[in-house]
$ cat run.txt   # compact mmCIF, C-alpha atoms
# COMPACT_ATOMS: atom_id res chain seq x y z
CA MET A 21 83.42 62.73 101.86
CA HIS A 22 81.56 65.76 100.51
CA ASP A 23 82.82 68.02 97.78
CA LEU A 24 81.47 71.10 96.05
CA GLU A 25 79.79 69.14 93.26
CA SER A 26 77.80 66.95 95.67
CA TRP A 27 76.76 70.01 97.72
CA ILE A 28 75.57 71.78 94.58
CA THR A 29 73.71 68.65 93.44
CA GLU A 30 71.94 68.43 96.80
CA TRP A 31 71.15 72.15 96.79
CA ARG A 32 69.73 71.89 93.27
CA LYS A 33 67.55 68.94 94.27
CA THR A 34 66.08 71.01 97.13
CA LEU A 35 65.52 73.92 94.76
CA MET A 36 63.75 71.78 92.15
CA ALA A 37 61.67 70.07 94.85
CA ALA A 38 60.22 73.47 95.75
CA ARG A 39 57.58 73.86 93.05
CA HIS A 40 57.47 76.85 90.69
CA VAL A 41 61.21 76.92 89.97
CA GLY A 42 61.63 75.65 86.42
CA ARG A 43 64.69 73.97 84.96
CA ASP A 44 65.78 77.15 83.22
CA ALA A 45 65.60 79.19 86.42
CA ALA A 46 67.40 76.43 88.34
CA ASP A 47 70.21 76.43 85.73
CA GLU A 48 70.50 80.18 86.06
CA LEU A 49 70.57 80.09 89.86
CA GLU A 50 73.15 77.29 89.80
CA SER A 51 75.34 79.31 87.45
CA HIS A 52 75.06 82.26 89.87
CA LEU A 53 75.94 80.05 92.84
CA ARG A 54 79.02 78.61 91.12
CA GLU A 55 80.24 82.06 90.09
CA HIS A 56 79.85 83.39 93.63
CA VAL A 57 81.57 80.36 95.19
CA ASP A 58 84.50 80.82 92.77
CA LEU A 59 84.82 84.46 93.75
CA LEU A 60 84.74 83.68 97.48
CA VAL A 61 87.28 80.86 97.12
CA ARG A 62 89.61 83.19 95.21
CA SER A 63 89.28 85.66 98.10
CA GLY A 64 90.68 83.03 100.46
CA MET A 65 87.70 81.06 101.81
CA THR A 66 87.56 77.28 101.88
CA GLU A 67 85.07 75.65 99.49
CA ALA A 68 82.80 74.72 102.39
CA GLU A 69 82.73 78.28 103.78
CA ALA A 70 82.28 79.78 100.33
CA PHE A 71 79.40 77.43 99.48
CA GLN A 72 77.58 78.11 102.76
CA LEU A 73 77.92 81.87 102.40
CA ALA A 74 76.90 81.85 98.71
CA VAL A 75 73.80 79.75 99.47
CA ARG A 76 72.86 82.09 102.33
CA GLN A 77 73.22 85.16 100.12
CA LEU A 78 71.21 83.51 97.36
CA GLY A 79 68.24 82.93 99.69
CA SER A 80 66.41 79.80 100.79
CA PRO A 81 64.85 77.63 98.03
CA PRO A 82 61.29 78.02 99.44
CA ALA A 83 61.70 81.82 99.49
CA ILE A 84 62.95 81.84 95.89
CA ALA A 85 60.13 79.48 94.84
CA SER A 86 57.60 81.73 96.53
CA GLU A 87 58.81 84.70 94.45
CA PHE A 88 58.54 82.65 91.25
CA GLN A 89 55.05 81.54 92.26
CA LYS A 90 53.93 85.19 92.37
CA LEU A 91 54.71 85.41 88.63
CA GLU A 92 52.17 82.76 87.73
CA ARG A 93 48.82 84.21 86.80
CA GLY A 94 45.53 82.33 86.96
CA THR A 95 45.33 78.82 85.53
CA TRP A 96 44.74 78.69 81.76
CA TRP A 97 41.03 77.91 81.21
CA PRO A 98 41.55 74.69 79.16
CA VAL A 99 43.51 73.26 82.11
CA ARG A 100 40.58 73.95 84.44
CA ALA A 101 38.11 72.50 81.88
CA VAL A 102 40.18 69.36 81.31
CA ALA A 103 40.68 68.81 85.06
CA GLY A 104 36.92 69.25 85.62
CA VAL A 105 36.06 66.70 82.92
CA GLY A 106 38.56 64.26 84.44
CA VAL A 107 37.05 64.52 87.93
CA ALA A 108 33.47 64.28 86.61
CA ALA A 109 34.35 61.22 84.50
CA ALA A 110 36.01 59.52 87.48
CA LEU A 111 32.90 60.04 89.63
CA LEU A 112 30.47 58.85 86.93
CA LEU A 113 32.56 55.79 86.17
CA ALA A 114 32.88 54.93 89.86
CA VAL A 115 29.07 55.13 90.29
CA PHE A 116 28.44 53.06 87.13
CA LEU A 117 30.96 50.33 88.01
CA SER A 118 29.92 50.11 91.67
CA SER A 119 26.30 49.55 90.58
CA ARG A 120 27.45 46.74 88.25
CA PHE A 121 29.49 45.21 91.05
CA GLU A 122 26.61 45.44 93.56
CA THR A 123 24.19 43.76 91.14
CA GLY A 124 26.69 40.95 90.54
CA ARG A 125 27.27 41.76 86.87
CA SER A 126 30.97 42.39 87.46
CA SER A 127 33.61 41.09 89.86
CA LEU A 128 35.47 43.57 92.05
CA LEU A 129 38.74 42.85 90.26
CA LEU A 130 37.19 43.45 86.84
CA ALA A 131 35.46 46.63 88.04
CA ILE A 132 38.75 48.07 89.34
CA HIS A 133 40.55 47.00 86.15
CA VAL A 134 37.96 48.75 83.97
CA PHE A 135 37.98 51.82 86.25
CA THR A 136 41.76 52.27 86.20
CA VAL A 137 42.29 51.52 82.51
CA THR A 138 39.39 53.74 81.41
CA LEU A 139 40.56 56.63 83.55
CA GLY A 140 44.17 56.09 82.46
CA TYR A 141 43.16 56.22 78.78
CA LEU A 142 40.88 59.17 79.44
CA SER A 143 43.76 61.04 81.13
CA VAL A 144 45.84 60.57 77.97
CA PHE A 145 42.93 61.93 75.91
CA LEU A 146 42.60 64.91 78.24
CA LEU A 147 46.33 65.51 77.98
CA GLY A 148 45.98 65.33 74.19
CA THR A 149 43.06 67.78 74.35
CA LEU A 150 45.29 70.17 76.25
CA GLY A 151 47.85 69.72 73.46
CA VAL A 152 45.20 70.54 70.83
CA CYS A 153 44.21 73.71 72.77
CA PHE A 154 47.90 74.61 73.01
CA VAL A 155 48.30 74.32 69.21
CA GLY A 156 45.11 76.35 68.65
CA GLN A 157 46.18 79.19 70.93
CA ARG A 158 49.73 79.15 69.56
CA CYS A 159 48.43 79.72 66.01
CA VAL A 160 47.27 83.15 67.18
CA ALA A 161 49.95 84.10 69.70
CA ASP A 162 52.89 82.45 71.40
CA PHE A 163 52.78 81.50 75.08
CA THR A 164 54.84 83.43 77.58
CA PRO A 165 57.76 81.46 79.08
CA ILE A 166 56.15 81.41 82.54
CA ARG A 167 52.83 80.05 81.19
CA LEU A 168 54.69 77.43 79.15
CA GLN A 169 56.58 76.33 82.25
CA SER A 170 53.33 76.07 84.20
CA LEU A 171 51.67 74.06 81.36
CA SER A 172 54.66 71.75 81.21
CA ARG A 173 54.21 71.01 84.93
CA VAL A 174 50.48 70.32 84.40
CA SER A 175 51.20 67.95 81.50
CA PHE A 176 53.78 66.10 83.62
CA THR A 177 51.22 65.67 86.43
CA PHE A 178 48.58 64.40 83.95
CA GLY A 179 51.20 62.06 82.46
CA CYS A 180 52.04 60.64 85.91
CA VAL A 181 48.36 60.08 86.72
CA ALA A 182 47.74 58.44 83.32
CA THR A 183 50.82 56.19 83.62
CA SER A 184 49.95 55.04 87.15
CA LEU A 185 46.30 54.30 86.33
CA THR A 186 47.01 52.54 83.03
CA ALA A 187 49.87 50.46 84.47
CA ILE A 188 47.75 49.39 87.46
CA GLY A 189 44.87 48.59 85.10
CA VAL A 190 47.04 46.48 82.79
CA VAL A 191 48.50 44.52 85.73
CA LEU A 192 45.03 43.92 87.23
CA GLY A 193 43.86 42.85 83.77
CA THR A 194 46.54 40.15 83.63
CA VAL A 195 45.51 38.86 87.09
CA TRP A 196 41.84 38.81 86.06
CA ALA A 197 42.74 37.01 82.77
CA ARG A 198 44.63 34.37 84.79
CA LEU A 199 41.59 33.76 87.00
CA GLU A 200 39.02 33.78 84.18
CA TRP A 201 40.91 32.45 81.16
CA GLY A 202 43.76 30.55 82.80
CA ARG A 203 46.55 32.69 81.41
CA TYR A 204 48.14 36.04 82.27
CA TRP A 205 49.07 37.38 78.89
CA ALA A 206 48.36 36.31 75.31
CA TRP A 207 49.39 39.37 73.26
CA ASP A 208 45.72 39.98 72.58
CA ALA A 209 45.20 43.25 70.64
CA LYS A 210 43.68 44.99 73.68
CA GLU A 211 46.41 43.79 76.03
CA THR A 212 49.09 44.85 73.56
CA GLY A 213 47.29 48.19 73.16
CA GLY A 214 47.39 48.75 76.92
CA LEU A 215 51.09 47.95 76.96
CA CYS A 216 51.70 50.38 74.08
CA VAL A 217 49.91 53.16 76.01
CA VAL A 218 52.10 52.51 79.08
CA ILE A 219 55.26 52.55 76.91
CA TRP A 220 54.11 55.77 75.20
CA LEU A 221 53.48 57.41 78.58
CA ILE A 222 56.86 56.34 79.96
CA CYS A 223 58.54 57.85 76.87
CA PHE A 224 56.43 61.00 77.32
CA LEU A 225 57.45 61.38 80.97
CA THR A 226 61.08 60.65 80.12
CA LEU A 227 61.08 63.41 77.49
CA HIS A 228 59.95 65.80 80.22
CA ARG A 229 63.30 65.20 81.89
CA VAL A 230 65.43 65.61 78.76
CA ARG A 231 67.11 69.01 78.86
CA TRP A 232 66.93 69.88 75.17
CA VAL A 233 63.22 69.03 74.81
CA THR A 234 61.25 72.26 75.24
CA ALA A 235 57.94 72.60 77.07
CA GLY A 236 56.29 73.52 73.74
CA SER A 237 57.53 70.30 72.08
CA ILE A 238 56.20 68.24 74.99
CA LEU A 239 52.74 69.79 74.69
CA LEU A 240 52.78 69.26 70.94
CA LEU A 241 53.77 65.61 71.41
CA SER A 242 50.83 65.07 73.76
CA VAL A 243 48.57 65.43 70.68
CA LEU A 244 50.05 62.16 69.37
CA GLY A 245 48.91 60.49 72.59
CA ASN A 246 45.35 60.80 71.25
CA ILE A 247 46.33 58.53 68.34
CA VAL A 248 48.08 55.98 70.57
CA VAL A 249 45.08 55.69 72.90
CA SER A 250 42.55 55.65 70.05
CA LEU A 251 44.38 52.71 68.49
CA ALA A 252 44.68 50.93 71.84
CA TRP A 253 41.06 51.52 72.84
CA PHE A 254 39.11 51.30 69.61
CA GLY A 255 41.67 49.59 67.36
CA GLY A 256 41.66 46.71 69.83
CA ASN A 257 37.92 46.30 69.33
CA LEU A 258 38.46 45.91 65.59
CA LEU A 259 41.12 43.25 65.94
CA SER A 260 40.38 41.47 69.20
CA GLU A 261 37.71 38.83 69.49
CA VAL A 262 37.78 38.53 73.30
CA HIS A 263 37.42 42.27 73.89
CA SER A 264 34.95 43.16 71.16
CA TYR A 265 32.11 43.86 73.67
CA ARG A 266 29.54 43.96 70.89
CA ALA A 267 31.26 47.19 69.83
CA PRO A 268 30.07 48.96 66.70
CA ASN A 269 32.48 49.34 63.82
CA TYR A 270 34.76 52.18 64.83
CA ALA A 271 37.04 52.01 61.77
CA GLY A 272 35.76 55.22 60.18
CA LEU A 273 35.80 57.15 63.44
CA LEU A 274 39.26 55.81 64.26
CA LEU A 275 40.65 56.95 60.91
CA ALA A 276 39.09 60.39 61.39
CA VAL A 277 40.62 60.73 64.88
CA ILE A 278 44.07 59.70 63.61
CA ALA A 279 43.91 62.03 60.60
CA SER A 280 42.63 65.04 62.56
CA ASN A 281 45.26 64.64 65.29
CA LEU A 282 48.02 64.32 62.68
CA VAL A 283 46.78 67.54 61.07
CA VAL A 284 46.79 69.31 64.46
CA PHE A 285 50.31 68.01 65.12
CA LEU A 286 51.55 69.31 61.75
CA VAL A 287 49.84 72.68 62.32
CA GLY A 288 51.65 72.82 65.67
CA LEU A 289 54.99 72.70 63.85
CA ALA A 290 54.27 76.09 62.22
CA PRO A 291 55.80 79.21 63.79
CA ALA A 292 53.86 80.75 66.68
CA GLY A 293 51.32 83.41 65.70
CA TRP A 294 51.32 82.41 62.00
CA LEU A 295 47.54 82.80 61.74
CA ARG A 296 47.61 86.38 63.01
CA LYS A 297 50.59 87.22 60.80
CA ALA A 298 48.71 85.82 57.81
CA GLY A 299 45.97 88.34 58.63
CA CYS A 300 43.27 85.74 59.24
CA MET B 22 72.80 102.38 106.04
CA LYS B 23 71.05 99.68 104.08
CA LEU B 24 68.05 100.40 101.88
CA GLU B 25 64.77 98.99 103.18
CA LYS B 26 63.54 95.77 101.56
CA GLU B 27 60.36 97.38 100.20
CA LEU B 28 62.29 100.19 98.54
CA VAL B 29 64.77 97.75 97.00
CA ALA B 30 61.82 95.77 95.59
CA ALA B 31 60.10 98.89 94.27
CA SER B 32 63.23 100.10 92.51
CA SER B 33 64.33 96.73 91.14
CA VAL B 34 62.67 97.08 87.70
CA ALA B 35 64.14 100.57 87.18
CA LEU B 36 67.58 99.37 88.30
CA VAL B 37 67.62 96.29 86.08
CA LEU B 38 66.32 98.12 83.01
CA SER B 39 68.86 100.92 83.53
CA ILE B 40 71.76 98.47 83.75
CA LEU B 41 70.54 96.61 80.67
CA SER B 42 70.29 99.91 78.77
CA GLU B 43 74.12 99.97 78.99
CA GLY B 44 74.30 96.64 77.18
CA GLU B 45 73.38 92.99 77.69
CA SER B 46 74.22 91.45 81.05
CA TYR B 47 73.49 88.47 83.31
CA GLY B 48 72.07 88.06 86.81
CA TYR B 49 75.29 87.85 88.80
CA ALA B 50 76.85 90.84 87.00
CA ILE B 51 73.67 92.92 87.47
CA ILE B 52 73.74 92.28 91.22
CA GLN B 53 77.44 93.16 91.46
CA ARG B 54 76.90 96.35 89.44
CA VAL B 55 74.09 97.52 91.75
CA LYS B 56 76.22 96.74 94.81
CA ASP B 57 79.19 98.64 93.34
CA LEU B 58 77.15 101.69 92.32
CA SER B 59 75.42 101.93 95.70
CA GLY B 60 78.54 101.23 97.74
CA GLY B 61 76.95 97.97 98.88
CA GLN B 62 73.91 99.73 100.36
CA ILE B 63 71.43 98.41 97.82
CA ALA B 64 71.68 94.65 98.16
CA TRP B 65 69.12 92.09 97.08
CA THR B 66 68.94 88.64 98.55
CA ASP B 67 70.63 87.43 95.35
CA GLY B 68 67.99 84.86 94.39
CA MET B 69 65.25 87.48 94.41
CA LEU B 70 66.60 89.17 91.30
CA TYR B 71 65.82 86.18 89.10
CA PRO B 72 62.02 86.27 89.42
CA VAL B 73 62.27 89.96 88.43
CA LEU B 74 64.33 89.07 85.35
CA HIS B 75 61.88 86.30 84.43
CA TRP B 76 58.94 88.67 84.84
CA LEU B 77 60.61 91.22 82.56
CA GLU B 78 61.21 88.47 80.00
CA ASP B 79 57.64 87.25 80.30
CA GLN B 80 56.40 90.77 79.60
CA ARG B 81 58.70 90.89 76.50
CA LEU B 82 60.54 93.86 78.03
CA VAL B 83 63.84 91.99 77.83
CA SER B 84 65.02 88.98 75.85
CA SER B 85 67.49 86.34 76.91
CA ARG B 86 69.99 83.91 75.48
CA TRP B 87 72.21 81.26 77.03
CA THR B 88 75.86 81.50 76.16
CA LYS B 89 79.17 80.12 77.38
CA SER B 90 81.65 82.48 78.99
CA GLU B 91 85.40 82.36 78.27
CA SER B 92 85.81 80.22 81.39
CA GLY B 93 83.34 77.72 79.93
CA ARG B 94 80.55 78.61 82.38
CA LYS B 95 76.99 78.84 81.03
CA ARG B 96 75.38 82.22 81.55
CA LYS B 97 71.97 83.59 80.66
CA TYR B 98 72.37 87.03 79.16
CA TYR B 99 69.52 89.54 79.08
CA SER B 100 69.12 92.45 76.71
CA LEU B 101 66.64 95.30 76.61
CA GLN B 102 63.79 95.19 74.08
CA PRO B 103 62.00 98.24 72.56
CA GLU B 104 59.09 97.85 75.03
CA GLY B 105 61.62 97.72 77.86
CA ARG B 106 63.18 101.00 76.65
CA LYS B 107 59.73 102.61 76.69
CA LEU B 108 59.14 101.43 80.24
CA LEU B 109 62.59 102.65 81.27
CA ARG B 110 61.78 106.16 79.94
CA GLN B 111 58.57 106.18 82.00
CA GLN B 112 60.38 104.90 85.08
CA LYS B 113 63.07 107.59 84.72
CA LYS B 114 60.40 110.31 84.65
CA GLN B 115 58.63 108.85 87.69
CA TRP B 116 61.75 108.35 89.80
CA THR B 117 63.07 111.79 88.82
CA LEU B 118 59.77 113.32 89.91
CA VAL B 119 59.89 111.50 93.27
CA SER B 120 63.53 112.48 93.75
CA SER B 121 63.05 116.18 92.86
CA THR B 122 59.93 116.44 95.04
CA LEU B 123 61.72 114.96 98.02
CA ASN B 124 64.79 117.15 97.38
CA GLN B 125 62.63 120.26 97.47
CA LEU B 126 60.90 119.14 100.65
CA TRP B 127 64.15 118.33 102.37
CA ARG B 128 66.00 121.56 101.47
CA PRO B 129 67.32 123.09 104.73
CA ASN B 130 65.46 126.37 104.20
CA HIS B 131 62.18 124.69 103.34
CA ALA B 132 59.44 125.90 105.61

$ encode --input "run.txt" --output "structure tokens"
Amino acid sequence: MHDLESWITEWRKTLMAARHVGRDAADELESHLREHVDLLVRSGMTEAEAFQLAVRQLGSPPAIASEFQKLERGTWWPVRAVAGVGVAAALLLAVFLSSRFETGRSSLLLAIHVFTVTLGYLSVFLLGTLGVCFVGQRCVADFTPIRLQSLSRVSFTFGCVATSLTAIGVVLGTVWARLEWGRYWAWDAKETGGLCVVIWLICFLTLHRVRWVTAGSILLLSVLGNIVVSLAWFGGNLLSEVHSYRAPNYAGLLLAVIASNLVVFLVGLAPAGWLRKAGC
Amino acid sequence: MKLEKELVAASSVALVLSILSEGESYGYAIIQRVKDLSGGQIAWTDGMLYPVLHWLEDQRLVSSRWTKSESGRKRKYYSLQPEGRKLLRQQKKQWTLVSSTLNQLWRPNHA
């Protein structure tokens, strides 16, 4: 049995599935739809007739999305740079790991584990870099709502890629550990670090879906992802014996990364355009 | 007679800014106002107004705020900003020029 609420929910899902229509625009269009349906019902139509007519007069979701798409100008250059670095890193890593696998210095399982975890961590770093660029630009001038909406979509995509790769990597790591060391999980610092990154990313993606969290807050939060991954990647080397890989002492570098990202995060809390207003 | 789609699109910024110069308003009310004023002959596909409103907001020509109506429904109200007033003045001059030129050309005794 259908009712108005379920029709509107379905309609909204279709609208949101068409890219380029943000949550704010969807809320506005839904408010319009409800108001029009009310008016038509008061004029004597049934709810079903009123809903169908109101939807028809509002226009099809792909047509509306296409109009919103026209508003988006070219991609912000840091997004293009970050995406380029990501693709280049994936190719280089694939070449490096395949050569190790072919020469017998690494098993296939280990090579895929290293590939997915490294790219997953790198994606979080790239997302964090985007957050740092966001804070830098915002010090001079605020972002327009349409650009913010577009950046929010990019950060969600990066977050999904990072979550998938890291989660796959962590799972493959447990399988490899079972084969090599006879156990799946031992709360080793590196394993725990990987789990923390996955948890962080799930929280990050969840916040994307929370209504009261703005696109700006999400981008600012992505800066903290740099700290989480630094601790998981390099902090693990300091604490873990099994994953030390003859790594140099990263303690100083790690502290510098944490401190600088905290500073960027705090700067990001200042009002937009504060640097220009201060006359710098 | 319905206005052609292209002409509706071309006049949409001038129409929206003019309505907002009367006071803040929201999408549904703007559409109804245009329909009423034109006797239903200027009619958008309703959803097409919203990208225009978002563009105006993006250009800082209008500002917006969400508020709850007396019936409890959430509405996004738009109001004109100083830059929007400037653009409206320019648009008025341009549309008046087009209108007066066409009026002169279409006078019955025009050669």

$ interface_residues --input "run.txt" --of "chain B" --to "chain A" --cutoff "9 Å" --atoms "all atoms listed in the file" --output "list of chain:residue names"
B:Gly48, B:Tyr49, B:Trp65, B:Thr66, B:Asp67, B:Gly68, B:Met69, B:Tyr71, B:Pro72, B:Val73, B:His75, B:Trp76, B:Glu78, B:Asp79, B:Gln80, B:Arg81, B:Arg94, B:Lys95, B:Arg96, B:Lys97

$ closest_residue --input "run.txt" --among "A:Val233, A:Val107, A:Leu251, A:Cys153" --to "Leu139 (chain A)" --atoms "only C-alpha atoms"
A:Val107

$ residues_near_point --input "run.txt" --point "(54.4, 70.5, 63.4)" --cutoff "12 Å" --atoms "only C-alpha atoms" --output "list in words"
Val152, Val155, Arg158, Cys159, Gly236, Ser237, Ile238, Leu239, Leu240, Leu241, Val243, Leu244, Asn281, Leu282, Val283, Val284, Phe285, Leu286, Val287, Gly288, Leu289, Ala290, Pro291 and Ala292 of chain A

$ atom_distance --input "run.txt" --atom1 "CA of Leu60 (chain A)" --atom2 "CA of Arg86 (chain B)"
26.5 Å

$ closest_residue --input "run.txt" --among "B:Val37, B:Leu24, B:Val29, B:Ile52" --to "Gln112 (chain B)" --atoms "all atoms listed in the file"
B:Val37

$ residues_near_point --input "run.txt" --point "(50.9, 66.6, 80.3)" --cutoff "9 Å" --atoms "all atoms listed in the file" --output "ChimeraX atom specification"
/A:144,146-148,150-151,171-180,224-225,238-239,242

$ write_last_selection --input "run.txt" --atoms "C-alpha atoms" --output "PDB file, keeping the file's coordinate frame"
ATOM      1  CA  VAL A 144      45.840  60.570  77.970  1.00  0.00           C
ATOM      2  CA  LEU A 146      42.600  64.910  78.240  1.00  0.00           C
ATOM      3  CA  LEU A 147      46.330  65.510  77.980  1.00  0.00           C
ATOM      4  CA  GLY A 148      45.980  65.330  74.190  1.00  0.00           C
ATOM      5  CA  LEU A 150      45.290  70.170  76.250  1.00  0.00           C
ATOM      6  CA  GLY A 151      47.850  69.720  73.460  1.00  0.00           C
ATOM      7  CA  LEU A 171      51.670  74.060  81.360  1.00  0.00           C
ATOM      8  CA  SER A 172      54.660  71.750  81.210  1.00  0.00           C
ATOM      9  CA  ARG A 173      54.210  71.010  84.930  1.00  0.00           C
ATOM     10  CA  VAL A 174      50.480  70.320  84.400  1.00  0.00           C
ATOM     11  CA  SER A 175      51.200  67.950  81.500  1.00  0.00           C
ATOM     12  CA  PHE A 176      53.780  66.100  83.620  1.00  0.00           C
ATOM     13  CA  THR A 177      51.220  65.670  86.430  1.00  0.00           C
ATOM     14  CA  PHE A 178      48.580  64.400  83.950  1.00  0.00           C
ATOM     15  CA  GLY A 179      51.200  62.060  82.460  1.00  0.00           C
ATOM     16  CA  CYS A 180      52.040  60.640  85.910  1.00  0.00           C
ATOM     17  CA  PHE A 224      56.430  61.000  77.320  1.00  0.00           C
ATOM     18  CA  LEU A 225      57.450  61.380  80.970  1.00  0.00           C
ATOM     19  CA  ILE A 238      56.200  68.240  74.990  1.00  0.00           C
ATOM     20  CA  LEU A 239      52.740  69.790  74.690  1.00  0.00           C
ATOM     21  CA  SER A 242      50.830  65.070  73.760  1.00  0.00           C
TER      22      SER A 242
END

$ residues_around --input "run.txt" --residues "Cys216 (chain A)" --least-positions-apart "2" --cutoff "12 Å" --atoms "all atoms listed in the file" --output "list in words"
Tyr141, Thr183, Thr186, Ala187, Val190, Trp207, Ala209, Lys210, Glu211, Thr212, Gly213, Gly214, Val218, Ile219, Trp220, Leu221, Ile222, Cys223, Gly245, Ile247, Val248, Val249, Ser250, Leu251, Ala252, Trp253 and Gly256 of chain A

$ closest_residue --input "run.txt" --among "A:Gly272, A:Gly156, A:Gly293, A:Gly193" --to "Thr136 (chain A)" --atoms "only C-alpha atoms"
A:Gly193

$ residues_around --input "run.txt" --residues "region 113-123 of chain B" --least-positions-apart "2" --cutoff "12 Å" --atoms "only C-alpha atoms" --output "PDB file with C-alpha atoms, in the coordinates of the input"
ATOM      1  CA  LEU B  28      62.290 100.190  98.540  1.00  0.00           C
ATOM      2  CA  ALA B  31      60.100  98.890  94.270  1.00  0.00           C
ATOM      3  CA  SER B  32      63.230 100.100  92.510  1.00  0.00           C
ATOM      4  CA  SER B  33      64.330  96.730  91.140  1.00  0.00           C
ATOM      5  CA  VAL B  34      62.670  97.080  87.700  1.00  0.00           C
ATOM      6  CA  ALA B  35      64.140 100.570  87.180  1.00  0.00           C
ATOM      7  CA  LEU B  36      67.580  99.370  88.300  1.00  0.00           C
ATOM      8  CA  LEU B  38      66.320  98.120  83.010  1.00  0.00           C
ATOM      9  CA  SER B  39      68.860 100.920  83.530  1.00  0.00           C
ATOM     10  CA  ARG B 106      63.180 101.000  76.650  1.00  0.00           C
ATOM     11  CA  LYS B 107      59.730 102.610  76.690  1.00  0.00           C
ATOM     12  CA  LEU B 108      59.140 101.430  80.240  1.00  0.00           C
ATOM     13  CA  LEU B 109      62.590 102.650  81.270  1.00  0.00           C
ATOM     14  CA  ARG B 110      61.780 106.160  79.940  1.00  0.00           C
ATOM     15  CA  GLN B 111      58.570 106.180  82.000  1.00  0.00           C
ATOM     16  CA  GLN B 125      62.630 120.260  97.470  1.00  0.00           C
ATOM     17  CA  LEU B 126      60.900 119.140 100.650  1.00  0.00           C
ATOM     18  CA  TRP B 127      64.150 118.330 102.370  1.00  0.00           C
ATOM     19  CA  ARG B 128      66.000 121.560 101.470  1.00  0.00           C
ATOM     20  CA  PRO B 129      67.320 123.090 104.730  1.00  0.00           C
ATOM     21  CA  HIS B 131      62.180 124.690 103.340  1.00  0.00           C
TER      22      HIS B 131
END

$ atom_distance --input "run.txt" --atom1 "CA of Val61 (chain A)" --atom2 "CA of Leu70 (chain B)"
23.0 Å

$ axis_aligned_box --input "run.txt" --around "region 27-45 of chain B" --padding-each-side "4 Å" --output "JSON"
{"center_x": 67.2, "center_y": 97.0, "center_z": 88.7, "size_x": 22.2, "size_y": 15.9, "size_z": 31.0}

$ residues_around --input "run.txt" --residues "Gln62 (chain B)" --least-positions-apart "6" --cutoff "9 Å" --atoms "all atoms listed in the file" --output "list in words"
Met22, Lys23, Leu24, Val55 and Lys56 of chain B

$ atom_distance --input "run.txt" --atom1 "CA of Leu274 (chain A)" --atom2 "CA of Val99 (chain A)"
25.3 Å

$ decode --input "run.txt" --residues "region 69-78 of chain B" --atoms "N, CA, C and O atoms" --output "PDB file, in the first residue's frame"
ATOM      1  N   MET B  69      13.051  24.066 -12.852  1.00  0.00           N
ATOM      2  CA  MET B  69      14.108  24.818 -13.535  1.00  0.00           C
ATOM      3  C   MET B  69      14.408  26.162 -12.874  1.00  0.00           C
ATOM      4  O   MET B  69      15.410  26.797 -13.174  1.00  0.00           O
ATOM      5  N   LEU B  70      13.498  26.600 -11.997  1.00  0.00           N
ATOM      6  CA  LEU B  70      13.750  27.867 -11.305  1.00  0.00           C
ATOM      7  C   LEU B  70      14.888  27.710 -10.295  1.00  0.00           C
ATOM      8  O   LEU B  70      15.677  28.634 -10.078  1.00  0.00           O
ATOM      9  N   TYR B  71      14.978  26.525  -9.697  1.00  0.00           N
ATOM     10  CA  TYR B  71      15.914  26.370  -8.576  1.00  0.00           C
ATOM     11  C   TYR B  71      17.385  26.498  -8.973  1.00  0.00           C
ATOM     12  O   TYR B  71      18.156  27.132  -8.240  1.00  0.00           O
ATOM     13  N   PRO B  72      17.802  25.954 -10.129  1.00  0.00           N
ATOM     14  CA  PRO B  72      19.192  26.227 -10.537  1.00  0.00           C
ATOM     15  C   PRO B  72      19.446  27.725 -10.727  1.00  0.00           C
ATOM     16  O   PRO B  72      20.537  28.204 -10.412  1.00  0.00           O
ATOM     17  N   VAL B  73      18.426  28.462 -11.177  1.00  0.00           N
ATOM     18  CA  VAL B  73      18.591  29.915 -11.346  1.00  0.00           C
ATOM     19  C   VAL B  73      18.807  30.564  -9.973  1.00  0.00           C
ATOM     20  O   VAL B  73      19.722  31.378  -9.790  1.00  0.00           O
ATOM     21  N   LEU B  74      17.976  30.167  -9.007  1.00  0.00           N
ATOM     22  CA  LEU B  74      18.107  30.728  -7.655  1.00  0.00           C
ATOM     23  C   LEU B  74      19.475  30.391  -7.063  1.00  0.00           C
ATOM     24  O   LEU B  74      20.114  31.235  -6.430  1.00  0.00           O
ATOM     25  N   HIS B  75      19.940  29.155  -7.292  1.00  0.00           N
ATOM     26  CA  HIS B  75      21.244  28.748  -6.743  1.00  0.00           C
ATOM     27  C   HIS B  75      22.382  29.500  -7.431  1.00  0.00           C
ATOM     28  O   HIS B  75      23.375  29.836  -6.801  1.00  0.00           O
ATOM     29  N   TRP B  76      22.209  29.774  -8.725  1.00  0.00           N
ATOM     30  CA  TRP B  76      23.237  30.539  -9.437  1.00  0.00           C
ATOM     31  C   TRP B  76      23.304  31.955  -8.876  1.00  0.00           C
ATOM     32  O   TRP B  76      24.391  32.488  -8.626  1.00  0.00           O
ATOM     33  N   LEU B  77      22.124  32.561  -8.661  1.00  0.00           N
ATOM     34  CA  LEU B  77      22.087  33.919  -8.109  1.00  0.00           C
ATOM     35  C   LEU B  77      22.744  33.953  -6.730  1.00  0.00           C
ATOM     36  O   LEU B  77      23.461  34.894  -6.397  1.00  0.00           O
ATOM     37  N   GLU B  78      22.514  32.904  -5.945  1.00  0.00           N
ATOM     38  CA  GLU B  78      23.111  32.835  -4.605  1.00  0.00           C
ATOM     39  C   GLU B  78      24.619  32.657  -4.707  1.00  0.00           C
ATOM     40  O   GLU B  78      25.388  33.283  -3.975  1.00  0.00           O
TER      41      GLU B  78
END
